[in-house]
Every structure is written in C-alpha cells, then in structure tokens.
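I have placed the structure first, in the form of structure tokens, so that the comments after it can refer back to it.
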Amino acid sequence: MVAGHDGSVVLATQGTLRDDPAEVLAPTLAALRATCRAGVLTTGSGDPARLGGPGVVPDRLAGGPPRHGDGAGGARGPVAVERFVPYSAVLPHAGVFVTNGGWTGVLLALAHGVPVLQVGSTEEKADIGRRVEWAGAGLHLGGSRPRPRALARGLARAEGTAYRAGARRVAASLATRDPGRDGAELVLGLLGQGWTNG
C-alpha cells in the first residue's frame with residue numbers, strides 16, 4: 001500500500017493506553033481525505049472497525065468526496081486502518097508521523113528521520129511534543145481532539161524543509177548512540193562515584 005508513495009505517507013497511531021479514535025485517528029483520517037493523502041493508521045488496542053478498517057478504508061466511510069477549497073487536487077491516496085503494523089515497514093515511506101506522543105513511537109520515527117506531529121496533552125505526551133518541537137524535528141499540536149483542518153495545517157507545516165532537516169539531524173545523532181553501552185557506562189560511572197540508593 002505504501003509503494004509509490006515514498007516520502008509522502010502519513011503514519012498515525014492512537015497509542016497504547018488511550019484508545020479513543022476521536023483524539024488522534026479520526027481527525028487524521030478526515031485530514032488525509034480532505035487533502036487526498038495516503039496514510040496508515042494504527043489503532044493499537046482500539047477496534048479498527050470504528051474507522052472503517054481493518055484494511056483500506058473506502059471513501060464512503062472516510063468523509064466522502066473532498067470539498068472544493070480544501071487543498072484536494074487529485075485522486076485520493078489510499079488510507080489503511082489496522083490494529084498493528086511494523087513501523088519499520090512504513091517509516092521509510094513516511095513524510096510525517098502523527099502520534100499522541102508515546103516515547104517509543106516518537107523515537108522510532110525520529111530514528112528514521114521522519115518529522116513528528118504530536119497531538120494531545122495527556123500524561124507526559126505534551127512534554128515529549130514540546131521536546132520534539134524544541135529539537136526542530138516536528139510540532140506539538142495542543143488539545144486532545146483537534147479539528148481536521150487544524151491537523152491538516154499541522155501536517156503541512158511538519159513536512160516543511162526545516163522540520164525534515166531537524167528530524168534528519170536527530171536521526172544522525174541517534175545513529176551514533178548505543179543505548180546498551182551508554183546505559184552501562186552511565187551506571188558504572190555512578191557506581192564509581194559512590195552513588196547508592198538511600
């Protein structure tokens with residue numbers, strides 16, 4: 001499904017704990033349809049049928065035909081809704097990663113040099129979004145239920161040259177790291193300084 005859409009697929013995830021598709025996935029689906037974009041949406045523990053999945057979502061279930069003036073100028077890209085997809089199969093084709101801000105997904109996207117559009121303000125997610133924004137690797141979109149137009153504008157901004165460059169810069173930095181080695185060195189350094197718990 002992502003073949004032929006290199007660098008333009010939007011990968012979106014609802015996250016693990018919060019499975020209400022109205023928070024991230026439903027507005028993302030509407031924004032993709034209004035702008036004729038291809039996307040892959042993962043529901044995690046949520047039911048893909050709530051968004052017309054599993055599989056490629058027919059236009060009639062995804063908001064109907066694009067309205068004039070919404071930036072839609074061509075054939076719609078396919079949008080698939082699944083419970084799970086291996087991110088490693090989609091991220092090489094992705095232009096933006098839309099997420100509630102879970103750390104694992106954000107790091108995977110950034111490791112692939114894909115800009116992040118973080119949506120929502122629950123748990124620690126907004127803080128992660130602000131850190132991504134500070135790094136110049138994406139944007140934080142406040143609120144827990146964005147309107148599709150706001151999300152479409154966020155997608156367009158996150159795909160900009162500066163955020164792509166920022167995400168690639170973070171990817172290059174991550175590629176130089178070895179988390180196991182770095183963690184062990186940190187622990188050994190703390191132990192060498194006499195650090196103990198208590």
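Chain lettering (A, B, ...) mirrors the order of the structure tokens, residue numbering begins at 1 for each chain separately, and ligand numbering begins at 1 in order of display.
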For the contact check between region 15-109 of chain A and region 166-188 of chain A, emit one row per residue of region 15-109 of chain A within 12 Å, containing the shortest atom pair and the distance in Å rounded to one decimal, counting only C-alpha atoms, chain then rising number order, as a Markdown table.
```
| residue | atom | partner | partner_atom | distance |
| --- | --- | --- | --- | --- |
| A:Gly95 | CA | A:Ala167 | CA | 10.6 |
| A:Val96 | CA | A:Ala167 | CA | 10.0 |
| A:Phe97 | CA | A:Ala167 | CA | 10.9 |
| A:Val106 | CA | A:Ala167 | CA | 10.6 |
| A:Leu107 | CA | A:Leu174 | CA | 8.9 |
| A:Leu108 | CA | A:Ala171 | CA | 9.3 |
| A:Ala109 | CA | A:Ala167 | CA | 8.5 |
```
Dump as a compact mmCIF listing (two decimals), in the first residue's frame, selection limited to C-alpha atoms:
```
# COMPACT_ATOMS: atom_id res chain seq x y z
CA GLY A 95 6.65 12.02 5.42
CA VAL A 96 5.15 12.65 8.88
CA PHE A 97 4.39 10.60 11.99
CA VAL A 106 8.43 9.16 18.62
CA LEU A 107 11.95 7.71 18.90
CA LEU A 108 11.32 5.23 16.08
CA ALA A 109 10.06 7.99 13.79
```
For Pro48 (chain A), find every residue with an atom within 7 Å (counting only C-alpha atoms), except residues of its own chain fewer than 6 positions away, and show them as an mmCIF file with N, CA and C atoms, in the first residue's frame.
```cif
data_model
loop_
_atom_site.group_PDB
_atom_site.id
_atom_site.type_symbol
_atom_site.label_atom_id
_atom_site.label_comp_id
_atom_site.auth_asym_id
_atom_site.auth_seq_id
_atom_site.Cartn_x
_atom_site.Cartn_y
_atom_site.Cartn_z
ATOM 1 N N PRO A 54 -10.659 -3.244 9.412
ATOM 2 C CA PRO A 54 -9.259 -3.217 9.023
ATOM 3 C C PRO A 54 -9.109 -3.216 7.509
ATOM 4 N N VAL A 81 -6.371 1.255 7.794
ATOM 5 C CA VAL A 81 -6.515 1.282 9.247
ATOM 6 C C VAL A 81 -6.313 -0.146 9.750
ATOM 7 N N GLU A 82 -5.349 -0.319 10.617
ATOM 8 C CA GLU A 82 -5.012 -1.633 11.160
ATOM 9 C C GLU A 82 -4.771 -1.513 12.656
ATOM 10 N N ARG A 83 -4.909 -2.618 13.342
ATOM 11 C CA ARG A 83 -4.597 -2.642 14.773
ATOM 12 C C ARG A 83 -3.088 -2.442 14.979
#
```
task = To one decimal in Å, tell me the separation between CA of Asp127 (chain A) and CA of Gly44 (chain A).
result =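 According to the coordinates, CA of Asp127 (chain A) and CA of Gly44 (chain A) are separated by 21.9 Å.
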task = as a ChimeraX atom specification, please: all residues of region 4-178 of chain A that backbone DSSP puts in helix (DSSP H, G or I).
result = /A:25-34,48-51,59-61,87-93,103-111,125-134,148-158,161-175
inquiry  = Between CA of Pro27 (chain A) and CA of Ala135 (chain A), what is the distance in Å, rounded to a tenth?
reply    = 25.4 Å
key: Å distance separating CA of Asp20 (chain A) from CA of Ala111 (chain A), one decimal place   =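 These atoms are spaced 27.0 Å apart.
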request  = Would you mind listing what lies within 12 Å of Ala126 (chain A) as a list in words, with only C-alpha atoms counted and same-chain residues fewer than 2 positions away left out?
outcome  =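 Close residues of Ala126 (chain A): Thr99, Asn100, Gly101, Gly102, Trp103, Leu117, Gln118, Val119, Gly120, Ser121, Thr122, Glu123, Glu124, Ile128, Gly129, Arg130, Arg131, Val132, Glu133, Leu139, His140, Leu141, Gly142, Gly143 and Ser144 of chain A.
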Selected residue, from A:Val98, A:Leu91, A:Leu51, A:Val56, that lies nearest to Thr13 (chain A) when counting only C-alpha atoms = A:Val98
message = Considering only C-alpha atoms, can you say which of A:Gly138, A:Pro146, A:Pro78, A:Gly7 comes closest to Glu23 (chain A)?
response =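 Checking each candidate against Glu23 (chain A), we get A:Pro146 as the closest.
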task = Based on DSSP run over this structure's backbone, return all residues of region 13-149 of chain A in strand (DSSP E or B), as an MDAnalysis selection string.
result = chainID A and resid 13 39:42 55:56 79:82 94:99 116:119 138:141
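For region 36-39 of chain A, the list of residues within 6 Å, based on only C-alpha atoms and with local chain neighbours fewer than 5 positions off taken out, reads Val9, Val10, Leu11, Ala72, Arg76, Gly77, Pro78 and Val79 of chain A.
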